[in-house]
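A short worksheet on the structure shown next.
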Amino acid sequence: NRLANNFQFIDVGRNDPDKKAIQSRQSEYVEIYKPFTKDQVAEQSHRCLECGNPYCEWKCPVHNFIPNWLKLVSEGNLFEAAELSHQTNTLPEVCGRVCPQDRLCEGACTLNDGFGAVTIGASEKYITDTALAMGWRPDLSDVVDTGKKVAIIGAGPAGLGCADILARNGVKPVVFDRYPEIGGLLTFGIPEFKLEKEVMVRRREVFEGMGVEFRLNTEIGSDVQISELLDQYDAVFMGMGTYTYMKGGFPGEDLPGVYEALPYLVGNVNHNLGFEQDSEAYVNLRGKRVIVLGGGDTAMDCVRTAVRQGADKVICAYRRDEENMPGSRREVKNANEEGVEFLYNRQPVEVVEYFGQACGIKVVTTELGEPDADGRRRPQPIPGSEEVLEADAVIIAFGFQPSPPGWLDDVSVELNSWNGVVAQEHQTYKFQTSNPKIFAGGDMVRGSDLVVTAIWEGREAAEGILDYLDV
Ligand code: FAD
Ligand code: SF4
């Protein structure tokens, strides 16, 4: 009973799901965490203090009702927990897997004060995975059709978040994507060891059951024009992501043997999924010495993919220290366990060449100086500390910038100074662009960020669209 368990957090510590054996993690493209069992979820959810003003909820970008669904699942009300979880989140089982919980919900848990946070992410994943496997589906039987329809460009988390809210309010979402499957970076960027692809296959079936229509392999701007969408639909939502890769600006970046992070990851996913692609799109680093430059999630995904491809040695070189790495600490730890070597405070100077091919990278050691405009301490090179790290392949993972298509200009959609689409939360119709009929959200508006923030913006933009359509 609940009363007897009020002090469970004292007797029972925080527990993470078990991980698979290291040998399988170094070679297989499957999720490394074993699913939480019913007992593990019950144990963790009983630890929740049900704080009156739960910080975890505030810190979660979609403001999940975390203590409430933990209570429901601890009482055995799985379907009710799934229903409640879906009131605020379009893809709870995905967020449970890929959110950097240590910086979000779990980082804000009151129990961090000496007891260890409740394991929220794994419990969120358990609730939806198990409910869906047992046949639970979102109930839209009360929804009244408004006769309106909205075109959504991009089947990533932002587009799917928007489609979810529209479908639940009787507006027909038709989602266009240039790729052959839904998910955006969830399917074609984030590797299987963090998120197995079956998760999105099952989600597609759930969305189609909710009345969401997908038109895949369809690029807006070439296969279908934006003018057609504006003519045929009551509104348009854009969630097209950010795909311009940031360069380092040092010599040798274009040499053979130097790869961009995202094409490398996408080529590998497509290869694993058996999708058709150009032969040079798949880069196999088996037997190679690999250096990945960067310290974010994308860099971690590259080093761990190289390990699974059978690279001889994998090094991650990052220009700040471990504490200042932007990626999730959990993934840095996982990469470490899988055999990746980290070199901190190393800034690339140039790619070293041997007969026209990259054969290493010259780096300089840095120390952290004064904070820059973002408040992060700027790395300062230490003169005379240059060294060459030998490598057969160098992967550059410095992040992405928006890649707005030229046709945005034709439909008067305004961009900001860094090419992001201007669409804000605080305006009459949330996330409306300078073209009143077009809304936007996710990475193309806020810059490269997180799955959960893209979902949130897609959902908020859908609220803006509903207000705009007056339904
Ligand atoms: P996207 O997911 O990029 O989706 C955009 C979609 O729009 C794509 O499917 C694209 O094909 C489609 N599209 C674009 N232009 C057109 C067009 N003209 N016509 C038709 N379709 C079009 N976040 C986390 O929270 N946790 C992580 O662990 C994590 N790991 C990451 C790892 C990598 C390698 C990368 C690159 C990102 C990672 N992220 C992670 C960030 C996260 O994936 C993104 O922030 C999120 O996917 C953004 O969602 P979105 O819907 O805005 O864009
Ligand atoms: Fe935590 Fe992300 Fe789930 Fe929110 S969506 S509760 S931040 S794992």
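Ligands are numbered from 1 in the order shown, chains are lettered A, B, ... in the order of the structure tokens, and residues start at 1 in each chain.
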Which residues are near ligand 2 in this structure, taking near to mean any atom at most 6 Å from a ligand atom and counting only C-alpha atoms and all ligand atoms? Format them as a PyMOL selection string. chain A and resi 60-61+64+95-96+99+101+104-105+121+452
When you look at A:Gly159 with a cut-off of 8 Å (counting only C-alpha atoms), what residues show up, excluding the ones that are within fewer than 6 positions of it in the same chain? I need them as a PyMOL selection string. chain A and resi 152-153+175+237-239+455+458
Wanna dump the chain A-ligand 1 contacts at 6 Å for me, each residue with its shortest atom pair and the distance in Å to one decimal, counting only C-alpha atoms and all ligand atoms, ordered by chain and number, as JSON lines?
{"residue": "A:Val98", "atom": "CA", "partner": "ligand 1", "partner_atom_place_in_ligand_line": "26 (N)", "distance": 4.4}
{"residue": "A:Cys99", "atom": "CA", "partner": "ligand 1", "partner_atom_place_in_ligand_line": "25 (O)", "distance": 4.5}
{"residue": "A:Ile153", "atom": "CA", "partner": "ligand 1", "partner_atom_place_in_ligand_line": "21 (N)", "distance": 5.4}
{"residue": "A:Gly154", "atom": "CA", "partner": "ligand 1", "partner_atom_place_in_ligand_line": "7 (O)", "distance": 3.3}
{"residue": "A:Ala155", "atom": "CA", "partner": "ligand 1", "partner_atom_place_in_ligand_line": "9 (O)", "distance": 5.0}
{"residue": "A:Gly156", "atom": "CA", "partner": "ligand 1", "partner_atom_place_in_ligand_line": "4 (O)", "distance": 3.5}
{"residue": "A:Pro157", "atom": "CA", "partner": "ligand 1", "partner_atom_place_in_ligand_line": "51 (O)", "distance": 4.0}
{"residue": "A:Ala158", "atom": "CA", "partner": "ligand 1", "partner_atom_place_in_ligand_line": "51 (O)", "distance": 3.8}
{"residue": "A:Gly159", "atom": "CA", "partner": "ligand 1", "partner_atom_place_in_ligand_line": "51 (O)", "distance": 5.6}
{"residue": "A:Phe176", "atom": "CA", "partner": "ligand 1", "partner_atom_place_in_ligand_line": "20 (C)", "distance": 5.4}
{"residue": "A:Asp177", "atom": "CA", "partner": "ligand 1", "partner_atom_place_in_ligand_line": "21 (N)", "distance": 3.5}
{"residue": "A:Arg178", "atom": "CA", "partner": "ligand 1", "partner_atom_place_in_ligand_line": "20 (C)", "distance": 4.2}
{"residue": "A:Tyr179", "atom": "CA", "partner": "ligand 1", "partner_atom_place_in_ligand_line": "11 (O)", "distance": 5.1}
{"residue": "A:Gly183", "atom": "CA", "partner": "ligand 1", "partner_atom_place_in_ligand_line": "9 (O)", "distance": 6.0}
{"residue": "A:Gly184", "atom": "CA", "partner": "ligand 1", "partner_atom_place_in_ligand_line": "9 (O)", "distance": 3.1}
{"residue": "A:Leu185", "atom": "CA", "partner": "ligand 1", "partner_atom_place_in_ligand_line": "2 (O)", "distance": 3.9}
{"residue": "A:Leu186", "atom": "CA", "partner": "ligand 1", "partner_atom_place_in_ligand_line": "43 (O)", "distance": 5.8}
{"residue": "A:Gly189", "atom": "CA", "partner": "ligand 1", "partner_atom_place_in_ligand_line": "34 (C)", "distance": 4.6}
{"residue": "A:Ile190", "atom": "CA", "partner": "ligand 1", "partner_atom_place_in_ligand_line": "32 (C)", "distance": 4.5}
{"residue": "A:Thr218", "atom": "CA", "partner": "ligand 1", "partner_atom_place_in_ligand_line": "20 (C)", "distance": 5.8}
{"residue": "A:Glu219", "atom": "CA", "partner": "ligand 1", "partner_atom_place_in_ligand_line": "19 (N)", "distance": 3.6}
{"residue": "A:Ile220", "atom": "CA", "partner": "ligand 1", "partner_atom_place_in_ligand_line": "19 (N)", "distance": 3.9}
{"residue": "A:Gly221", "atom": "CA", "partner": "ligand 1", "partner_atom_place_in_ligand_line": "18 (N)", "distance": 5.8}
{"residue": "A:Gly239", "atom": "CA", "partner": "ligand 1", "partner_atom_place_in_ligand_line": "51 (O)", "distance": 5.0}
{"residue": "A:Met240", "atom": "CA", "partner": "ligand 1", "partner_atom_place_in_ligand_line": "7 (O)", "distance": 3.5}
{"residue": "A:Gly241", "atom": "CA", "partner": "ligand 1", "partner_atom_place_in_ligand_line": "53 (O)", "distance": 3.5}
{"residue": "A:Thr242", "atom": "CA", "partner": "ligand 1", "partner_atom_place_in_ligand_line": "3 (O)", "distance": 6.0}
{"residue": "A:Asp297", "atom": "CA", "partner": "ligand 1", "partner_atom_place_in_ligand_line": "30 (N)", "distance": 5.0}
{"residue": "A:Thr298", "atom": "CA", "partner": "ligand 1", "partner_atom_place_in_ligand_line": "34 (C)", "distance": 3.9}
{"residue": "A:Asp301", "atom": "CA", "partner": "ligand 1", "partner_atom_place_in_ligand_line": "34 (C)", "distance": 5.9}
{"residue": "A:Gly442", "atom": "CA", "partner": "ligand 1", "partner_atom_place_in_ligand_line": "52 (O)", "distance": 3.5}
{"residue": "A:Asp443", "atom": "CA", "partner": "ligand 1", "partner_atom_place_in_ligand_line": "52 (O)", "distance": 3.9}
{"residue": "A:Met444", "atom": "CA", "partner": "ligand 1", "partner_atom_place_in_ligand_line": "52 (O)", "distance": 5.9}
{"residue": "A:Ser448", "atom": "CA", "partner": "ligand 1", "partner_atom_place_in_ligand_line": "45 (O)", "distance": 5.2}
{"residue": "A:Asp449", "atom": "CA", "partner": "ligand 1", "partner_atom_place_in_ligand_line": "45 (O)", "distance": 4.1}
{"residue": "A:Leu450", "atom": "CA", "partner": "ligand 1", "partner_atom_place_in_ligand_line": "25 (O)", "distance": 3.6}
{"residue": "A:Val451", "atom": "CA", "partner": "ligand 1", "partner_atom_place_in_ligand_line": "25 (O)", "distance": 3.9}
{"residue": "A:Val452", "atom": "CA", "partner": "ligand 1", "partner_atom_place_in_ligand_line": "25 (O)", "distance": 5.8}
{"residue": "A:Ala454", "atom": "CA", "partner": "ligand 1", "partner_atom_place_in_ligand_line": "49 (O)", "distance": 4.9}
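Minimum atom-to-atom distances from A:Asp254, A:Glu367, A:Glu192, A:Asp39 to A:Asn268 were compared using only C-alpha atoms, and the lowest value belongs to A:Glu192.
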May I ask which of the residues A:Tyr29, A:Pro35, A:Glu463, A:Gly52 is the closest one to A:Lys197, counting only C-alpha atoms?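 Nearest to A:Lys197: A:Tyr29.
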As a ChimeraX atom specification, please: all residues of stretch 116-265 of chain A that backbone DSSP puts in strand (DSSP E). /A:149-153,172-176,213-215,235-238,244-245,258-260
Need to verify the contact set: A:Glu124, 9 Å, only C-alpha atoms, exclusion of same-chain residues closer than 3 positions in sequence. Can you return it as a count of residues only? 16
